[in-house]
Structures are given as C-alpha cells and as structure tokens.
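Engineer: First the structure, then my questions, so here it is.
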Amino acid sequence: MMVPVALLLLGALTAVVGPRLLARADWTDREPVVALWVWQCVVAAVLLCCALSMTLSAAAAWQAVRGQVFATAPSGVVDAYALGTSGPWAAATAVALACAGLWSGA
C-alpha cells in the first residue's frame, strides 16, 4: 500500500517547495492578501496530506478503522487500496502522525 507514503511525500514536497516559491515571487508585495491566501492553501494542503495518510495507514493497520472509513464504499474500492497487504509500518505511521497532530494541536 503506497498511497499513504505517496501522500506523505506530496505533503513534504509541498511544505518544502511552497514557501520557497512564495518567497521568490515578486507579486507578494503588491498583493499581500492573495499571498496570505496562497500561504494558507499551502498549509491546508500539507495538513490534508498528513491527515489522509494517517487515516489510510490506520485503515490498513486495524480492521475496526477500516470498517468505519470504507463503510459505504463498494468492495472494489477496498481491494484497490490493497489494505490487506500492509506491513507493520502502517500502525507505526498512523500512531506517529496522530501524535504529531496532537502535538501540533496543543
């Protein structure tokens, strides 16, 4: 199951590249409100990537979470995510991202 890993990589790439692109842009001085809006979108994208990765990792690790996340989805969706082939890293990833979310929230 590579979707959580891909989401984490996308979030990390966005977190690294987004601020650098905004710092180099010359329009941010002329349009500070738009620059703030773009910055908030970058932050929201990174947080969304981490939250989705945590959710999918937890669904791969534990059957109870999988039942809640994919309750209304057809069986083909669960098969497409290949949730049964997860290794021991899925639970560790889900717990680490949950702890990081709690730390950020505090």
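Identifiers in this document derive from the order of the structure tokens: chains are assigned A, B, ..., residues are numbered from 1 separately in each chain, and ligands are numbered from 1 in order of occurrence.
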Pick out the residues sitting within 12 Å of segment 15-23 of chain A, and hand them over as a ChimeraX atom specification; count only C-alpha atoms, and ignore anything fewer than 3 positions along from it in its own chain.
Structural biologist: /A:8-12,26-29,31-32,34-50
Engineer: With C-alpha atoms retained, write the just-selected residues as an mmCIF file, in the first residue's frame.
Structural biologist:
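Output file again_37.cif is given in full below:
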```cif
data_model
loop_
_atom_site.group_PDB
_atom_site.id
_atom_site.type_symbol
_atom_site.label_atom_id
_atom_site.label_comp_id
_atom_site.auth_asym_id
_atom_site.auth_seq_id
_atom_site.Cartn_x
_atom_site.Cartn_y
_atom_site.Cartn_z
ATOM 1 C CA LEU A 8 3.430 11.957 2.905
ATOM 2 C CA LEU A 9 5.917 12.628 0.114
ATOM 3 C CA LEU A 10 3.495 15.025 -1.563
ATOM 4 C CA GLY A 11 2.965 16.830 1.738
ATOM 5 C CA ALA A 12 6.699 17.083 2.373
ATOM 6 C CA ASP A 26 7.573 39.452 -6.647
ATOM 7 C CA TRP A 27 3.795 39.774 -6.683
ATOM 8 C CA THR A 28 3.506 39.066 -2.939
ATOM 9 C CA ASP A 29 4.473 42.657 -2.094
ATOM 10 C CA GLU A 31 -0.919 41.586 -3.311
ATOM 11 C CA PRO A 32 -0.367 40.647 0.345
ATOM 12 C CA VAL A 34 -3.563 36.945 -2.106
ATOM 13 C CA ALA A 35 -0.143 35.881 -0.814
ATOM 14 C CA LEU A 36 -1.652 35.121 2.587
ATOM 15 C CA TRP A 37 -4.439 33.166 0.919
ATOM 16 C CA VAL A 38 -1.918 31.131 -1.090
ATOM 17 C CA TRP A 39 0.121 30.501 2.066
ATOM 18 C CA GLN A 40 -2.988 29.244 3.863
ATOM 19 C CA CYS A 41 -3.742 26.943 0.930
ATOM 20 C CA VAL A 42 -0.220 25.503 1.111
ATOM 21 C CA VAL A 43 -0.582 24.861 4.840
ATOM 22 C CA ALA A 44 -4.030 23.304 4.346
ATOM 23 C CA ALA A 45 -2.684 21.040 1.589
ATOM 24 C CA VAL A 46 0.132 19.783 3.818
ATOM 25 C CA LEU A 47 -2.239 19.149 6.719
ATOM 26 C CA LEU A 48 -4.697 17.377 4.428
ATOM 27 C CA CYS A 49 -1.965 15.117 3.064
ATOM 28 C CA CYS A 50 -0.906 14.187 6.594
#
```
Engineer: Considering only C-alpha atoms, can you say which of A:Ala51, A:Arg24, A:Ala96, A:Arg66 comes closest to Tyr81 of chain A?
Structural biologist: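 Going through A:Ala51, A:Arg24, A:Ala96, A:Arg66 one by one, the smallest distance to Tyr81 of chain A is for A:Arg66.
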Engineer: Give me the residues near segment 56-65 of chain A as a VMD selection string, where near means some atom within 6 Å (using only C-alpha atoms) and where sequence neighbours in that chain fewer than 6 positions away do not count.
Structural biologist: chain A and resid 83 86 90 to 91 94
Engineer: Print the selection's residues with all heavy atoms to a file, as an mmCIF file, in the first residue's frame.
Structural biologist:
```
data_model
loop_
_atom_site.group_PDB
_atom_site.id
_atom_site.type_symbol
_atom_site.label_atom_id
_atom_site.label_comp_id
_atom_site.auth_asym_id
_atom_site.auth_seq_id
_atom_site.Cartn_x
_atom_site.Cartn_y
_atom_site.Cartn_z
ATOM 1 N N LEU A 83 -5.511 -3.051 1.169
ATOM 2 C CA LEU A 83 -5.326 -2.827 2.601
ATOM 3 C C LEU A 83 -4.860 -4.070 3.340
ATOM 4 O O LEU A 83 -4.279 -3.967 4.412
ATOM 5 C CB LEU A 83 -6.634 -2.317 3.216
ATOM 6 C CG LEU A 83 -7.086 -0.950 2.717
ATOM 7 C CD1 LEU A 83 -8.444 -0.607 3.299
ATOM 8 C CD2 LEU A 83 -6.080 0.103 3.078
ATOM 9 N N SER A 86 -0.684 -4.678 4.106
ATOM 10 C CA SER A 86 0.128 -3.694 4.842
ATOM 11 C C SER A 86 1.087 -4.398 5.786
ATOM 12 O O SER A 86 0.805 -5.455 6.323
ATOM 13 C CB SER A 86 -0.773 -2.760 5.629
ATOM 14 O OG SER A 86 -1.439 -3.481 6.637
ATOM 15 N N ALA A 90 2.390 0.343 8.999
ATOM 16 C CA ALA A 90 1.131 1.082 8.900
ATOM 17 C C ALA A 90 0.671 1.572 10.274
ATOM 18 O O ALA A 90 0.269 2.738 10.422
ATOM 19 C CB ALA A 90 0.057 0.211 8.253
ATOM 20 N N ALA A 91 0.744 0.707 11.261
ATOM 21 C CA ALA A 91 0.332 1.112 12.614
ATOM 22 C C ALA A 91 1.282 2.161 13.174
ATOM 23 O O ALA A 91 0.838 3.146 13.783
ATOM 24 C CB ALA A 91 0.281 -0.104 13.526
ATOM 25 N N ALA A 94 0.532 5.503 11.479
ATOM 26 C CA ALA A 94 -0.716 6.093 11.960
ATOM 27 C C ALA A 94 -0.552 6.682 13.358
ATOM 28 O O ALA A 94 -1.015 7.801 13.631
ATOM 29 C CB ALA A 94 -1.818 5.042 11.953
#
```
Engineer: For the atom pair atom CA of Leu97 of chain A and atom CA of Met2 of chain A, what is the interatomic distance in Å to one decimal place?
Structural biologist: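 Computing it gives 16.1 Å between the two atoms.
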Engineer: Can you work out which one of A:Ala80, A:Leu13, A:Val69, A:Ala106 has the shortest atom-to-atom distance to Met54 of chain A, counting only C-alpha atoms?
Structural biologist: A:Val69
Engineer: How far is it from atom CA of Ser104 of chain A to atom CA of Leu7 of chain A, in Å with one decimal?
Structural biologist: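 Atom CA of Ser104 of chain A sits 18.8 Å away from atom CA of Leu7 of chain A.
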Engineer: Find the residue from A:Ala25, A:Leu102, A:Ala6, A:Val95 that sits nearest to Thr55 of chain A; use only C-alpha atoms when measuring.
Structural biologist: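 Answer, going by the shortest atom-to-atom distance: A:Val95.
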Engineer: If DSSP is run on the backbone, what residues of chain A are helix (DSSP H, G or I)? A reply as a PyMOL selection string would be ideal.
Structural biologist: chain A and resi 3-24+27-30+32-61+63-69+75-81+83-85+89-105
Engineer: Find the distance between atom CA of Ala73 of chain A and atom CA of Cys99 of chain A and write it in Å to one decimal.
Structural biologist: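 Between these atoms lies a distance of 27.8 Å.
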